[in-house]
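> One structure is given below, represented as structure tokens, and several questions about it will come after.
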Amino acid sequence: MKKLIVAASCALALAAGTVQAKDWKEIRIAFDVPYEPFEYKDENGELTGFEVELAEAMCAEMKADCEFVIQSWDGMIPGLLARKFDAIMSSMSITPERAERVLFSEPYYNTPGGWFAPEAFNTDVTDMDAMKGKVVGVQRGTTMDSFVTENMGGIVTIKRYTTADDMVLDLEGQRLDVVFVDYPVGEQTVLSKDGFKEVGEPVKLGEGVGVAMRQRDKDLAAKVNATLKKLKKDGTYDTIMQKYFNYDIKM
Amino acid sequence: MPDFIAQWLNQNDIFTAMTMLEYWNGLVSTVQLVFLSLVIGLVCAVPLAITRTSRNPLVSLPVWLYTYLFRGTPLLIQLYIIYYGIAQIPGIQETFWWGIFREPFYPALLAFTLNTAAYTTEIIRGAIMSTPHGEIEAAKAYGMNWFMRMRRIILPSAARRAVQAYSNEVIFMLHSSAIASVVTIVDLTGAARNIYSRFYAPFDAFIFVALIYMVLTFILVFAFRKLENHLLRHQRPISN
């Protein structure tokens, strides 16, 4: 019996030695491109954007060797859990449902949701009686989707799209009366076209966007949080933000 | 609802009564879409197959071109062209057609019908072409005209030979209908995608919907076996 205990403790000690905590000198970070101006490829094919530059600054601060991975949105969380990469910095809003699957850092930005419609549209989007029967387009699984589903579920017809491009096509084709979409996306895709306008006020939604990591990587999350805090304080964050936005998204 | 199902639903985060209703609505639109496109497709395919077998190229060539186009391109592309293409026609929004094509259901039904009609045409054509020559000669000897030969001899005999291949087409159509969800139709797959994106549980959402598709396929296979038994009963051995 005694021998068995000794053997077992030896085995344990060995095992503990090999499963040393990862020191996070190499981090793989996933982005879903294009999502201008957060992450996209410039004319030379280089990955750039607000979140990419923030990730670069973060890695420099952490003295880590970072590899950037392109991953489409649908496979983001499964890819993280399958260890294809270690962190997601692809404008993933913090929600309770997601927080059950992944570990979020402190939020690093928050953009409002905006209502966009053709010029002829003149309904108050907060007036539920007037909105009755209108067709609203959202991107599937976004915080805008949850907002419309919860607050206007039985009142408006909700159409869910995988990509913003498909949604904008249907807005142009008059299949949709109005879309409710992440403000920068709406600015890029809808307002850039003739005959469309912003309706009502942008709505602040959710708890902001955070770096998503695996639940078990608490040490990585602590490092990321400390680094983000430092970048927000020393002005690095503001410099990057001002390069891409003329409004405040800091959080 | 039996107690144990209610109990299971209550202690489950994902499969609540809400999501069950969503799956049910998805099931209804999948069945509607597939059933309607198959029926209309079959009705169109019979005359098309007959024209396709014509010796006059002016008659058979347009049908050949149609089946070639629709069998030569993916259904997803056809659906995209019809759904988004129609909305791009200038001024379509002012015509009465827009009342029909504004909703995603009819563009999808049109794409599915055209696609399945093309495949079914080729299946029936093959069956017509392989009609034994003796059967046609016998019919001619009886003094039947073309129409009567078609109705009494060629088509019933072709139906027996086409039914097995056609059952495959029906099952493929059911499974192809999954792409309806890309044009905002909340069919079975659309419901699964919505539920997946709400709970971030790909396994639960998609395995459940896969089981529903399997049950539907099983029902189809069973129905076609009954139909084959009925059509081909003269070929069964007499003993036992």
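So you can find residues: chains in the structure tokens are A, B, ... in the order shown, residues in each start at 1, and ligands are numbered from 1 in order.
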Could you please write out, as a PyMOL selection string, every residue of range 41-251 of chain A that DSSP assigns to strand (DSSP E or B)?
chain A and resi 41+47-48+65-70+87-88+93+102-104+109+113-118+135-139+157-161+178-182+196-203+209+212-214+250
> Using only C-alpha atoms, which residues sit within 7 Å of Tyr183 in chain A once same-chain residues fewer than 2 positions away are excluded, as a PyMOL selection string?
chain A and resi 111-114+181+185-187
> For a quick check of understanding, using only C-alpha atoms, which of A:Arg140, A:Arg28, A:Lys230, A:Arg175 has the smallest distance to Gln71 in chain A?
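Nearest candidate to Gln71 in chain A out of A:Arg140, A:Arg28, A:Lys230, A:Arg175: A:Arg28.
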> Pull the helix (DSSP H, G or I) assignments for range 68-200 of chain B out of DSSP run on the backbone, and list those residues as a PyMOL selection string.
chain B and resi 68-72+75-88+92-94+97-101+105-129+133-141+146-183+188-199
> Could those residues be written to a file, using C-alpha atoms, as an mmCIF file, in the first residue's frame?

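Result file part.cif:
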```cif
data_model
loop_
_atom_site.group_PDB
_atom_site.id
_atom_site.type_symbol
_atom_site.label_atom_id
_atom_site.label_comp_id
_atom_site.auth_asym_id
_atom_site.auth_seq_id
_atom_site.Cartn_x
_atom_site.Cartn_y
_atom_site.Cartn_z
ATOM 1 C CA TYR B 68 -28.726 21.466 -69.530
ATOM 2 C CA LEU B 69 -28.760 24.928 -67.915
ATOM 3 C CA PHE B 70 -30.514 23.883 -64.718
ATOM 4 C CA ARG B 71 -28.603 20.642 -64.260
ATOM 5 C CA GLY B 72 -25.345 22.376 -65.109
ATOM 6 C CA LEU B 75 -29.164 25.268 -57.060
ATOM 7 C CA LEU B 76 -27.698 27.861 -54.684
ATOM 8 C CA ILE B 77 -26.599 30.032 -57.618
ATOM 9 C CA GLN B 78 -30.016 29.671 -59.258
ATOM 10 C CA LEU B 79 -31.684 30.744 -56.013
ATOM 11 C CA TYR B 80 -29.374 33.765 -55.630
ATOM 12 C CA ILE B 81 -29.994 34.848 -59.231
ATOM 13 C CA ILE B 82 -33.750 34.549 -58.917
ATOM 14 C CA TYR B 83 -34.071 36.060 -55.419
ATOM 15 C CA TYR B 84 -31.623 38.967 -55.670
ATOM 16 C CA GLY B 85 -31.796 39.303 -59.452
ATOM 17 C CA ILE B 86 -35.524 39.961 -59.541
ATOM 18 C CA ALA B 87 -35.218 42.759 -56.984
ATOM 19 C CA GLN B 88 -32.630 44.449 -59.218
ATOM 20 C CA ILE B 92 -40.226 45.836 -60.644
ATOM 21 C CA GLN B 93 -41.297 47.272 -57.278
ATOM 22 C CA GLU B 94 -44.139 49.184 -58.972
ATOM 23 C CA TRP B 97 -45.219 40.990 -59.636
ATOM 24 C CA TRP B 98 -43.560 42.580 -56.636
ATOM 25 C CA GLY B 99 -46.457 41.446 -54.464
ATOM 26 C CA ILE B 100 -45.366 37.891 -55.266
ATOM 27 C CA PHE B 101 -41.586 38.221 -55.379
ATOM 28 C CA PHE B 105 -41.094 32.051 -50.478
ATOM 29 C CA TYR B 106 -42.054 32.471 -54.133
ATOM 30 C CA PRO B 107 -38.562 33.107 -55.538
ATOM 31 C CA ALA B 108 -37.397 30.017 -53.658
ATOM 32 C CA LEU B 109 -40.376 27.979 -54.901
ATOM 33 C CA LEU B 110 -39.636 29.097 -58.465
ATOM 34 C CA ALA B 111 -35.954 28.157 -58.212
ATOM 35 C CA PHE B 112 -36.696 24.769 -56.636
ATOM 36 C CA THR B 113 -39.454 23.973 -59.153
ATOM 37 C CA LEU B 114 -37.312 24.845 -62.186
ATOM 38 C CA ASN B 115 -34.457 22.793 -60.765
ATOM 39 C CA THR B 116 -36.422 19.675 -59.890
ATOM 40 C CA ALA B 117 -38.409 19.864 -63.150
ATOM 41 C CA ALA B 118 -35.123 19.761 -65.093
ATOM 42 C CA TYR B 119 -33.904 16.632 -63.301
ATOM 43 C CA THR B 120 -37.299 14.934 -63.429
ATOM 44 C CA THR B 121 -37.565 15.665 -67.159
ATOM 45 C CA GLU B 122 -34.329 13.787 -67.757
ATOM 46 C CA ILE B 123 -35.420 10.880 -65.518
ATOM 47 C CA ILE B 124 -38.739 10.478 -67.365
ATOM 48 C CA ARG B 125 -37.082 10.963 -70.761
ATOM 49 C CA GLY B 126 -34.683 8.123 -69.999
ATOM 50 C CA ALA B 127 -37.600 5.902 -69.018
ATOM 51 C CA ILE B 128 -39.544 6.796 -72.174
ATOM 52 C CA MET B 129 -36.522 6.146 -74.383
ATOM 53 C CA HIS B 133 -39.902 -1.494 -79.011
ATOM 54 C CA GLY B 134 -42.231 -4.478 -79.041
ATOM 55 C CA GLU B 135 -44.696 -2.713 -76.726
ATOM 56 C CA ILE B 136 -44.970 0.231 -79.110
ATOM 57 C CA GLU B 137 -45.286 -2.035 -82.152
ATOM 58 C CA ALA B 138 -48.023 -4.044 -80.466
ATOM 59 C CA ALA B 139 -49.876 -0.816 -79.654
ATOM 60 C CA LYS B 140 -49.543 0.302 -83.258
ATOM 61 C CA ALA B 141 -50.825 -3.071 -84.458
ATOM 62 C CA TRP B 146 -49.984 8.555 -80.870
ATOM 63 C CA PHE B 147 -51.977 10.057 -78.019
ATOM 64 C CA MET B 148 -53.512 6.742 -76.989
ATOM 65 C CA ARG B 149 -50.140 4.964 -77.213
ATOM 66 C CA MET B 150 -48.635 7.587 -74.930
ATOM 67 C CA ARG B 151 -51.457 7.447 -72.411
ATOM 68 C CA ARG B 152 -52.033 3.698 -72.322
ATOM 69 C CA ILE B 153 -48.656 2.167 -73.052
ATOM 70 C CA ILE B 154 -45.588 4.393 -72.987
ATOM 71 C CA LEU B 155 -46.213 6.613 -69.933
ATOM 72 C CA PRO B 156 -47.446 3.869 -67.559
ATOM 73 C CA SER B 157 -44.544 1.653 -68.572
ATOM 74 C CA ALA B 158 -42.100 4.563 -68.206
ATOM 75 C CA ALA B 159 -43.499 5.405 -64.765
ATOM 76 C CA ARG B 160 -42.572 1.940 -63.538
ATOM 77 C CA ARG B 161 -39.018 2.372 -64.721
ATOM 78 C CA ALA B 162 -38.715 5.978 -63.459
ATOM 79 C CA VAL B 163 -40.042 5.548 -59.930
ATOM 80 C CA GLN B 164 -36.810 4.352 -58.337
ATOM 81 C CA ALA B 165 -34.709 7.149 -59.823
ATOM 82 C CA TYR B 166 -37.433 9.642 -59.005
ATOM 83 C CA SER B 167 -37.450 8.668 -55.325
ATOM 84 C CA ASN B 168 -33.806 9.719 -55.204
ATOM 85 C CA GLU B 169 -34.682 13.068 -56.747
ATOM 86 C CA VAL B 170 -37.368 13.619 -54.087
ATOM 87 C CA ILE B 171 -34.918 12.934 -51.276
ATOM 88 C CA PHE B 172 -32.256 15.151 -52.858
ATOM 89 C CA MET B 173 -34.849 17.908 -53.149
ATOM 90 C CA LEU B 174 -35.701 17.646 -49.454
ATOM 91 C CA HIS B 175 -32.044 17.983 -48.577
ATOM 92 C CA SER B 176 -31.373 20.746 -51.123
ATOM 93 C CA SER B 177 -34.203 22.756 -49.600
ATOM 94 C CA ALA B 178 -31.845 23.477 -46.688
ATOM 95 C CA ILE B 179 -30.361 26.303 -48.741
ATOM 96 C CA ALA B 180 -33.672 28.198 -48.593
ATOM 97 C CA SER B 181 -32.402 29.607 -45.317
ATOM 98 C CA VAL B 182 -29.868 31.798 -47.135
ATOM 99 C CA VAL B 183 -32.681 33.943 -48.520
ATOM 100 C CA LEU B 188 -35.830 23.740 -40.712
ATOM 101 C CA THR B 189 -32.231 24.772 -41.362
ATOM 102 C CA GLY B 190 -33.078 28.444 -40.873
ATOM 103 C CA ALA B 191 -34.644 27.638 -37.498
ATOM 104 C CA ALA B 192 -31.565 25.618 -36.532
ATOM 105 C CA ARG B 193 -29.278 28.493 -37.532
ATOM 106 C CA ASN B 194 -31.307 30.985 -35.500
ATOM 107 C CA ILE B 195 -31.254 28.733 -32.462
ATOM 108 C CA TYR B 196 -27.558 28.015 -32.899
ATOM 109 C CA SER B 197 -26.711 31.703 -33.067
ATOM 110 C CA ARG B 198 -28.853 32.448 -30.000
ATOM 111 C CA PHE B 199 -27.354 29.750 -27.751
#
```
> Counting only C-alpha atoms, a student should be able to say which residues of chain A come within 9 Å of chain B; what is the right answer, written as a ChimeraX atom specification?
/A:74,77-78,97-98,101,140-142,146,159-162,166,169-170,172-175
